[in-house]
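K.L.:
So here's run-v1.cif, just mmCIF, C-alpha atoms:
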```
data_target
loop_
_atom_site.group_PDB
_atom_site.id
_atom_site.type_symbol
_atom_site.label_atom_id
_atom_site.label_comp_id
_atom_site.auth_asym_id
_atom_site.auth_seq_id
_atom_site.Cartn_x
_atom_site.Cartn_y
_atom_site.Cartn_z
ATOM 1 C CA MET A 77 11.320 37.307 -7.951
ATOM 2 C CA PRO A 78 8.425 36.720 -10.341
ATOM 3 C CA THR A 79 6.782 39.855 -11.613
ATOM 4 C CA THR A 80 3.078 40.556 -11.279
ATOM 5 C CA LEU A 81 2.618 39.829 -14.980
ATOM 6 C CA THR A 82 4.348 36.459 -14.613
ATOM 7 C CA ARG A 83 2.147 35.509 -11.669
ATOM 8 C CA LEU A 84 -0.983 36.542 -13.538
ATOM 9 C CA LYS A 85 0.093 34.509 -16.549
ATOM 10 C CA ALA A 86 0.693 31.443 -14.364
ATOM 11 C CA THR A 87 -2.689 31.883 -12.671
ATOM 12 C CA LEU A 88 -4.466 32.228 -16.011
ATOM 13 C CA THR A 89 -2.697 29.163 -17.412
ATOM 14 C CA ALA A 90 -3.722 27.085 -14.391
ATOM 15 C CA PHE A 91 -7.300 28.355 -14.632
ATOM 16 C CA LEU A 92 -7.571 27.493 -18.329
ATOM 17 C CA ALA A 93 -6.081 24.037 -17.723
ATOM 18 C CA ASN A 94 -8.635 23.332 -15.003
ATOM 19 C CA GLU A 95 -11.472 24.581 -17.184
ATOM 20 C CA ARG A 96 -10.382 22.325 -20.033
ATOM 21 C CA PHE A 97 -10.196 19.362 -17.651
ATOM 22 C CA LYS A 98 -13.759 20.047 -16.470
ATOM 23 C CA GLN A 99 -14.987 20.641 -20.010
ATOM 24 C CA LEU A 100 -13.658 17.283 -21.195
ATOM 25 C CA ARG A 101 -15.223 15.543 -18.195
ATOM 26 C CA ARG A 102 -18.590 17.078 -19.081
ATOM 27 C CA LYS A 103 -18.161 16.006 -22.700
ATOM 28 C CA ALA A 104 -17.392 12.436 -21.644
ATOM 29 C CA HIS A 105 -20.411 12.437 -19.341
ATOM 30 C CA ARG A 106 -22.703 13.606 -22.140
ATOM 31 C CA LEU A 107 -21.422 10.870 -24.441
ATOM 32 C CA SER A 108 -21.830 8.145 -21.823
ATOM 33 C CA THR A 109 -25.392 9.186 -20.986
ATOM 34 C CA LYS A 110 -26.442 8.946 -24.641
ATOM 35 C CA ASP A 111 -26.285 5.157 -24.444
ATOM 36 C CA THR A 112 -27.704 4.834 -20.927
ATOM 37 C CA HIS A 113 -31.294 4.255 -22.019
ATOM 38 C CA TRP A 114 -30.124 1.553 -24.466
ATOM 39 C CA SER A 115 -28.051 -0.412 -21.948
ATOM 40 C CA ASP A 116 -30.871 -2.625 -20.687
ATOM 41 C CA LEU A 117 -31.872 -3.619 -24.216
ATOM 42 C CA GLU A 118 -28.609 -5.532 -24.730
ATOM 43 C CA TYR A 119 -27.891 -4.262 -28.208
ATOM 44 C CA PRO A 120 -24.742 -5.982 -29.527
ATOM 45 C CA CYS A 121 -22.957 -2.660 -30.092
ATOM 46 C CA ILE A 122 -23.661 -1.507 -26.523
ATOM 47 C CA THR A 123 -22.704 -4.864 -25.015
ATOM 48 C CA ALA A 124 -19.449 -4.921 -26.994
ATOM 49 C CA GLN A 125 -18.466 -1.521 -25.629
ATOM 50 C CA HIS A 126 -19.110 -2.498 -22.010
ATOM 51 C CA GLU A 127 -17.262 -5.792 -22.433
ATOM 52 C CA TRP A 128 -14.268 -4.033 -23.965
ATOM 53 C CA ILE A 129 -14.122 -1.515 -21.100
ATOM 54 C CA SER A 130 -14.358 -4.314 -18.514
ATOM 55 C CA GLU A 131 -11.519 -6.199 -20.197
ATOM 56 C CA HIS A 132 -9.390 -3.061 -20.334
ATOM 57 C CA LEU A 133 -9.960 -2.184 -16.677
ATOM 58 C CA GLU A 134 -9.118 -5.770 -15.717
ATOM 59 C CA LEU A 135 -5.782 -5.543 -17.533
ATOM 60 C CA GLU A 136 -4.992 -2.238 -15.836
ATOM 61 C CA SER A 137 -5.928 -3.712 -12.450
ATOM 62 C CA ARG A 138 -3.534 -6.637 -12.937
ATOM 63 C CA GLY A 139 -0.691 -4.269 -13.724
ATOM 64 C CA LEU A 140 -1.575 -2.139 -10.729
ATOM 65 C CA ALA A 141 -1.558 -5.183 -8.441
ATOM 66 C CA ILE A 142 2.032 -5.890 -9.487
ATOM 67 C CA LEU A 143 3.114 -2.329 -8.740
ATOM 68 C CA GLN A 144 1.351 -2.376 -5.372
ATOM 69 C CA ARG A 145 3.085 -5.610 -4.365
ATOM 70 C CA ILE A 146 6.472 -4.218 -5.347
ATOM 71 C CA SER A 147 5.782 -0.960 -3.510
ATOM 72 C CA ARG A 148 4.571 -2.773 -0.390
ATOM 73 C CA LEU A 149 7.529 -5.123 -0.142
ATOM 74 C CA GLU A 150 10.141 -2.512 -0.990
ATOM 75 C CA SER A 151 8.796 -0.033 1.549
ATOM 76 C CA LYS A 152 10.177 -2.079 4.435
ATOM 77 C CA SER A 153 13.342 -4.054 5.025
ATOM 78 C CA THR A 154 12.481 -5.740 8.331
ATOM 79 C CA THR A 155 9.204 -6.454 10.065
ATOM 80 C CA THR A 156 7.891 -7.831 13.306
ATOM 81 C CA ALA A 157 4.780 -9.203 11.659
ATOM 82 C CA SER A 158 4.952 -9.206 7.897
ATOM 83 C CA ASP A 159 1.851 -9.041 5.749
ATOM 84 C CA ASN A 160 2.386 -12.673 4.849
ATOM 85 C CA ASP A 161 2.285 -13.615 8.539
ATOM 86 C CA VAL A 162 -0.933 -11.751 9.307
ATOM 87 C CA ASN A 163 -3.110 -14.844 8.918
ATOM 88 C CA ALA A 164 -1.051 -16.759 11.446
ATOM 89 C CA THR A 165 -1.027 -13.805 13.837
ATOM 90 C CA VAL A 166 -4.807 -13.380 13.663
ATOM 91 C CA GLN A 167 -5.288 -17.078 14.397
ATOM 92 C CA GLY A 168 -3.154 -16.757 17.516
ATOM 93 C CA SER A 169 -0.192 -18.881 16.474
ATOM 94 C CA LYS A 170 3.356 -17.866 17.340
ATOM 95 C CA LYS A 171 4.900 -18.210 13.939
ATOM 96 C CA GLU A 172 8.342 -16.679 13.612
ATOM 97 C CA PRO A 173 8.165 -13.462 11.576
ATOM 98 C CA ARG A 174 9.894 -13.226 8.257
ATOM 99 C CA GLU A 175 13.033 -11.175 8.853
ATOM 100 C CA ASP A 176 13.329 -9.640 5.400
ATOM 101 C CA THR A 177 10.330 -8.810 3.251
ATOM 102 C CA ARG A 178 12.292 -7.137 0.482
ATOM 103 C CA LEU A 179 11.963 -8.551 -2.988
ATOM 104 C CA THR A 180 14.954 -10.414 -4.298
ATOM 105 C CA VAL A 181 16.351 -9.307 -7.646
ATOM 106 C CA PRO A 182 14.897 -12.344 -9.497
ATOM 107 C CA GLU A 183 11.491 -11.835 -7.845
ATOM 108 C CA LYS A 184 11.338 -8.184 -8.817
ATOM 109 C CA ALA A 185 12.513 -9.007 -12.330
ATOM 110 C CA THR A 186 9.709 -11.557 -12.674
ATOM 111 C CA LEU A 187 7.082 -9.060 -11.557
ATOM 112 C CA LEU A 188 8.397 -6.221 -13.719
ATOM 113 C CA ASN A 189 8.650 -8.490 -16.750
ATOM 114 C CA THR A 190 5.012 -9.492 -16.256
ATOM 115 C CA PHE A 191 4.042 -5.835 -15.845
ATOM 116 C CA ILE A 192 5.741 -4.920 -19.123
ATOM 117 C CA LYS A 193 3.936 -7.744 -20.918
ATOM 118 C CA ILE A 194 0.612 -6.540 -19.505
ATOM 119 C CA GLN A 195 1.354 -3.017 -20.754
ATOM 120 C CA GLN A 196 2.019 -4.422 -24.210
ATOM 121 C CA VAL A 197 -1.303 -6.268 -24.116
ATOM 122 C CA ILE A 198 -3.035 -3.057 -23.000
ATOM 123 C CA LYS A 199 -1.535 -1.162 -25.927
ATOM 124 C CA ALA A 200 -2.691 -3.849 -28.357
ATOM 125 C CA HIS A 201 -6.117 -3.887 -26.717
ATOM 126 C CA LEU A 202 -6.506 -0.147 -27.300
ATOM 127 C CA ALA A 203 -6.306 -0.806 -31.026
ATOM 128 C CA THR A 204 -9.426 -2.983 -30.792
ATOM 129 C CA ILE A 205 -11.684 -0.413 -29.126
ATOM 130 C CA PRO A 206 -15.203 -0.705 -30.576
ATOM 131 C CA PRO A 207 -16.821 2.517 -31.816
ATOM 132 C CA GLY A 208 -19.597 4.070 -29.777
ATOM 133 C CA ASN A 209 -20.491 6.797 -27.327
ATOM 134 C CA THR A 210 -19.609 4.737 -24.250
ATOM 135 C CA THR A 211 -16.106 3.837 -25.400
ATOM 136 C CA ALA A 212 -15.582 7.371 -26.729
ATOM 137 C CA ALA A 213 -16.381 8.713 -23.258
ATOM 138 C CA PHE A 214 -14.022 6.162 -21.700
ATOM 139 C CA GLU A 215 -11.246 7.172 -24.087
ATOM 140 C CA ILE A 216 -11.693 10.867 -23.298
ATOM 141 C CA ASP A 217 -11.602 10.231 -19.544
ATOM 142 C CA SER A 218 -8.525 8.015 -19.913
ATOM 143 C CA LYS A 219 -6.568 10.765 -21.656
ATOM 144 C CA ASN A 220 -7.919 13.724 -19.690
ATOM 145 C CA LEU A 221 -5.427 14.504 -16.905
ATOM 146 C CA GLU A 222 -6.209 16.635 -13.880
ATOM 147 C CA PRO A 223 -3.872 19.657 -13.800
ATOM 148 C CA GLY A 224 -1.449 19.569 -10.910
ATOM 149 C CA THR A 225 -1.892 15.908 -9.975
ATOM 150 C CA GLY A 226 -1.873 14.146 -13.342
ATOM 151 C CA ARG A 227 -4.759 11.890 -12.305
ATOM 152 C CA ARG A 228 -6.886 10.654 -15.187
ATOM 153 C CA ALA A 229 -10.542 11.626 -15.149
ATOM 154 C CA GLN A 230 -11.227 7.890 -15.271
ATOM 155 C CA TRP A 231 -9.622 7.611 -11.820
ATOM 156 C CA PHE A 232 -12.473 9.631 -10.309
ATOM 157 C CA HIS A 233 -15.027 7.129 -11.617
ATOM 158 C CA GLY A 234 -13.266 4.330 -9.745
ATOM 159 C CA ARG A 235 -13.469 5.923 -6.297
ATOM 160 C CA ARG A 236 -16.979 4.736 -5.507
ATOM 161 C CA LEU A 237 -16.272 1.117 -6.459
ATOM 162 C CA CYS A 238 -13.035 1.204 -4.468
ATOM 163 C CA ALA A 239 -14.928 2.440 -1.408
ATOM 164 C CA GLU A 240 -17.694 -0.142 -1.817
ATOM 165 C CA ARG A 241 -15.077 -2.894 -1.877
ATOM 166 C CA GLY A 242 -13.576 -1.630 1.363
ATOM 167 C CA GLY A 243 -10.572 -0.004 -0.293
ATOM 168 C CA CYS A 244 -8.684 3.102 0.741
ATOM 169 C CA CYS A 245 -11.293 5.403 -0.815
ATOM 170 C CA ALA A 246 -13.560 4.340 2.063
ATOM 171 C CA ARG A 247 -11.006 5.574 4.602
ATOM 172 C CA GLY A 248 -9.154 8.789 5.257
ATOM 173 C CA CYS A 249 -5.678 7.409 4.535
ATOM 174 C CA GLY A 250 -5.543 8.982 1.072
ATOM 175 C CA CYS A 251 -3.546 6.104 -0.434
ATOM 176 C CA CYS A 252 -5.390 6.155 -3.753
ATOM 177 C CA GLU A 253 -4.734 9.886 -4.054
ATOM 178 C CA ARG A 254 -0.991 9.253 -4.157
ATOM 179 C CA PRO A 255 0.728 7.818 -7.245
ATOM 180 C CA VAL A 256 1.695 4.155 -7.103
ATOM 181 C CA THR A 257 4.750 4.881 -9.212
ATOM 182 C CA LYS A 258 6.142 7.366 -11.721
ATOM 183 C CA TYR A 259 7.720 6.975 -15.121
ATOM 184 C CA ILE A 260 9.568 9.177 -17.595
ATOM 185 C CA GLU A 261 7.842 10.150 -20.835
ATOM 186 C CA HIS A 262 9.087 12.082 -23.845
ATOM 187 C CA LEU A 263 6.693 14.799 -24.997
ATOM 188 C CA LEU A 264 6.672 16.977 -28.077
ATOM 189 C CA GLU A 265 5.640 20.576 -27.527
ATOM 190 C CA ASP A 266 5.955 23.364 -30.082
ATOM 191 C CA GLY A 267 8.134 21.118 -32.200
ATOM 192 C CA LYS A 268 10.558 20.558 -29.330
ATOM 193 C CA GLY A 269 10.930 17.425 -27.271
ATOM 194 C CA ARG A 270 11.224 17.314 -23.503
ATOM 195 C CA TRP A 271 11.257 14.641 -20.828
ATOM 196 C CA THR A 272 8.669 14.758 -18.075
ATOM 197 C CA THR A 273 7.774 12.670 -15.036
ATOM 198 C CA VAL A 274 4.332 11.084 -15.263
ATOM 199 C CA PRO A 275 2.609 9.801 -12.085
ATOM 200 C CA LEU A 276 0.551 6.610 -12.269
ATOM 201 C CA TYR A 277 -2.553 6.397 -10.087
ATOM 202 C CA GLY A 278 -4.962 3.580 -9.376
ATOM 203 C CA HIS A 279 -7.237 2.004 -6.814
ATOM 204 C CA CYS A 280 -6.865 -0.823 -4.333
ATOM 205 C CA THR A 281 -6.220 -4.433 -5.277
ATOM 206 C CA ALA A 282 -5.513 -7.456 -3.088
ATOM 207 C CA GLU A 283 -1.885 -6.255 -2.959
ATOM 208 C CA CYS A 284 -2.615 -2.885 -1.318
ATOM 209 C CA GLY A 285 -0.525 -2.769 1.854
ATOM 210 C CA CYS A 286 -2.895 -0.388 3.634
ATOM 211 C CA CYS A 287 -5.892 -2.662 3.003
ATOM 212 C CA ILE A 288 -3.927 -5.696 4.186
ATOM 213 C CA ARG A 289 -3.097 -3.988 7.468
ATOM 214 C CA GLU A 290 -6.670 -2.749 7.860
ATOM 215 C CA ARG A 291 -8.259 -6.168 7.287
ATOM 216 C CA GLY A 292 -5.622 -8.188 9.092
ATOM 217 C CA VAL A 293 -5.455 -10.791 6.336
ATOM 218 C CA TYR A 294 -3.449 -11.203 3.152
ATOM 219 C CA GLU A 295 -4.656 -13.227 0.193
ATOM 220 C CA PRO A 296 -2.236 -12.860 -2.741
ATOM 221 C CA ASP A 297 -3.682 -11.705 -6.034
ATOM 222 C CA LYS A 298 -3.959 -14.881 -8.096
ATOM 223 C CA ARG A 299 -3.861 -12.965 -11.379
ATOM 224 C CA ILE A 300 -0.152 -12.224 -11.064
ATOM 225 C CA PRO A 301 2.987 -14.333 -10.405
ATOM 226 C CA ASP A 302 3.596 -15.448 -6.816
ATOM 227 C CA ALA A 303 7.011 -13.775 -6.699
ATOM 228 C CA GLY A 304 7.457 -12.236 -3.262
ATOM 229 C CA VAL A 305 4.784 -14.410 -1.656
ATOM 230 C CA VAL A 306 5.867 -16.741 1.147
ATOM 231 C CA LYS A 307 4.816 -20.286 0.288
ATOM 232 C CA GLY A 308 2.634 -22.238 2.661
ATOM 233 C CA ILE A 309 1.206 -19.193 4.482
#
```
Using structure tokens, write down the structure that the file contains.
P.N.:
Amino acid sequence: MPTTLTRLKATLTAFLANERFKQLRRKAHRLSTKDTHWSDLEYPCITAQHEWISEHLELESRGLAILQRISRLESKSTTTASDNDVNATVQGSKKEPREDTRLTVPEKATLLNTFIKIQQVIKAHLATIPPGNTTAAFEIDSKNLEPGTGRRAQWFHGRRLCAERGGCCARGCGCCERPVTKYIEHLLEDGKGRWTTVPLYGHCTAECGCCIRERGVYEPDKRIPDAGVVKGI
């Protein structure tokens, strides 16, 4: 059984971690607001920062769409009305349902290979980040992880846009609050290495299964390969 001292130490550690998370969010907010009054003047340095952030978020969204398609198709083996048949169902036709919506090995390999390439592009793109308060704030929020969940501070900024687009942040399903996937990362702490599981969060794309069911229509994300998409539907 943990001693009182151990519990107090754990509580203090959690408190300090949360305070640091909040402190970094405030720092990022202060940096981003410094350029706010210059945004409408279209200074080249300000425009370059916003364009870089838009490009980076677009790359991340493409990768997320791939993971959401894989997750959606692997979460079910049989279906009575697959997501790809929703259009036909809504229109009242009696199209035979697809019996197996699982990804084939080649399809999954195609998607994962594309995802890896996107991650490589993202890494290269990070090396081109233009200097400035806006990008500095973005960088802080991208690295600042919420204790307990591992969600980036940047994730919180995306909730409003997700809701406005009719995504899961506009509903009570909580899909965006759950990680899309997890990966293993090697960390160095106190000169010692250890492996840890890192959750990956994001917001809705055209491949979000919950949004597809909610809207009753599926339009494949054209930014990624059509692996796993039934042709002609």
K.L.:
Considering all atoms listed in the file, return as a list in words whatever protein or nucleic-acid residues lie within 10 Å of range 203-216 of chain A, sequence-local ones (same chain, fewer than 6 positions apart) excluded.
P.N.:
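Residues near the query, excluding close chain neighbours: Leu100, Arg101, Arg102, Lys103, Ala104, His105, Arg106, Leu107, Ser108, Thr109, Lys110, Asp111, Thr112, Cys121, Ile122, Ala124, Gln125, His126, Glu127, Trp128, Ile129, His132, Arg228, Ala229 and Gln230 of chain A.
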K.L.:
If you count only C-alpha atoms, which residues fall within 7 Å of Arg254 in chain A, apart from same-chain ones fewer than 3 positions away, as a ChimeraX atom specification?
P.N.:
/A:250-251,277
K.L.:
Given only C-alpha atoms as the basis, pick out the residue of A:Glu283, A:Thr89, A:Asn94, A:Leu135 nearest to Ala200 in chain A.
P.N.:
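So, comparing all the options, the nearest one is A:Leu135.
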K.L.:
Please write as an NGL selection string the full residue list that the PyMOL selection byres ((chain A and resi 188) around 12) yields on this file.
P.N.:
:A and (138-147 or 179 or 181-187 or 189-195 or 300-301 or 303)
K.L.:
For those residues, write C-alpha atoms to a file as a tab-separated table (two decimals), keeping the file's coordinate frame.
P.N.:
```tsv
chain	number	residue	atom	x	y	z
A	138	ARG	CA	-3.53	-6.64	-12.94
A	139	GLY	CA	-0.69	-4.27	-13.72
A	140	LEU	CA	-1.58	-2.14	-10.73
A	141	ALA	CA	-1.56	-5.18	-8.44
A	142	ILE	CA	2.03	-5.89	-9.49
A	143	LEU	CA	3.11	-2.33	-8.74
A	144	GLN	CA	1.35	-2.38	-5.37
A	145	ARG	CA	3.08	-5.61	-4.36
A	146	ILE	CA	6.47	-4.22	-5.35
A	147	SER	CA	5.78	-0.96	-3.51
A	179	LEU	CA	11.96	-8.55	-2.99
A	181	VAL	CA	16.35	-9.31	-7.65
A	182	PRO	CA	14.90	-12.34	-9.50
A	183	GLU	CA	11.49	-11.84	-7.84
A	184	LYS	CA	11.34	-8.18	-8.82
A	185	ALA	CA	12.51	-9.01	-12.33
A	186	THR	CA	9.71	-11.56	-12.67
A	187	LEU	CA	7.08	-9.06	-11.56
A	189	ASN	CA	8.65	-8.49	-16.75
A	190	THR	CA	5.01	-9.49	-16.26
A	191	PHE	CA	4.04	-5.84	-15.84
A	192	ILE	CA	5.74	-4.92	-19.12
A	193	LYS	CA	3.94	-7.74	-20.92
A	194	ILE	CA	0.61	-6.54	-19.50
A	195	GLN	CA	1.35	-3.02	-20.75
A	300	ILE	CA	-0.15	-12.22	-11.06
A	301	PRO	CA	2.99	-14.33	-10.40
A	303	ALA	CA	7.01	-13.78	-6.70
```
K.L.:
Give the centre and edge lengths of an axis-aligned box, in Å to one decimal, that holds all listed atoms of range 267-279 of chain A with 5 Å on each side, as AutoDock Vina command-line options.
P.N.:
```
--center_x 2.0 --center_y 11.6 --center_z -19.5 --size_x 28.5 --size_y 29.1 --size_z 35.4
```
K.L.:
Do you have the CA of Phe97 in chain A-CA of Cys280 in chain A distance handy?
P.N.:
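CA of Phe97 in chain A sits 24.4 Å away from CA of Cys280 in chain A.
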K.L.:
For each of A:Arg148, A:Gly304, A:Glu290, A:Gly224, take the minimum atom-to-atom distance to Thr257 in chain A, counting only C-alpha atoms, then give the residue where this is smallest.
P.N.:
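Distance minimum relative to Thr257 in chain A lands on A:Arg148.
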K.L.:
Report as an NGL selection string all protein, DNA and RNA residues lying within 12 Å of Arg236 in chain A, evaluated on all atoms listed in the file, omitting residues in the same chain fewer than 3 positions from it.
P.N.:
:A and (230-233 or 239-247 or 252 or 279-280)
K.L.:
Set the distance at 10 Å and use all atoms listed in the file: which residues neighbour Thr273 in chain A once local chain neighbours fewer than 5 positions away are removed? I'd like the list as a PDB file with C-alpha atoms, in the coordinates of the input.
P.N.:
```pdb
ATOM      1  CA  GLY A 226      -1.873  14.146 -13.342  1.00  0.00           C
ATOM      2  CA  LYS A 258       6.142   7.366 -11.721  1.00  0.00           C
ATOM      3  CA  TYR A 259       7.720   6.975 -15.121  1.00  0.00           C
ATOM      4  CA  ILE A 260       9.568   9.177 -17.595  1.00  0.00           C
ATOM      5  CA  GLU A 261       7.842  10.150 -20.835  1.00  0.00           C
ATOM      6  CA  HIS A 262       9.087  12.082 -23.845  1.00  0.00           C
TER       7      HIS A 262
END
```
K.L.:
One decimal, in Å: what's the spacing between CA of Leu202 in chain A and CA of Thr123 in chain A?
P.N.:
17.0 Å
K.L.:
Could you state the separation of CA of Glu253 in chain A and CA of Gly278 in chain A in Å, given to one decimal place?
P.N.:
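Between CA of Glu253 in chain A and CA of Gly278 in chain A the gap works out to 8.3 Å.
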K.L.:
Which of these, A:Tyr294, A:Val256, A:Gly269, A:Cys238, has the shortest distance to Ser151 in chain A once you count only C-alpha atoms?
P.N.:
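Among A:Tyr294, A:Val256, A:Gly269, A:Cys238, it is A:Val256 that comes nearest to Ser151 in chain A.
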K.L.:
Of the candidates A:Glu150, A:Glu134, A:Asp297, A:Glu95, which one gets nearest to Glu222 in chain A if we count all atoms listed in the file?
P.N.:
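Once distances to Glu222 in chain A are computed over all atoms listed in the file, the minimum belongs to A:Glu95.
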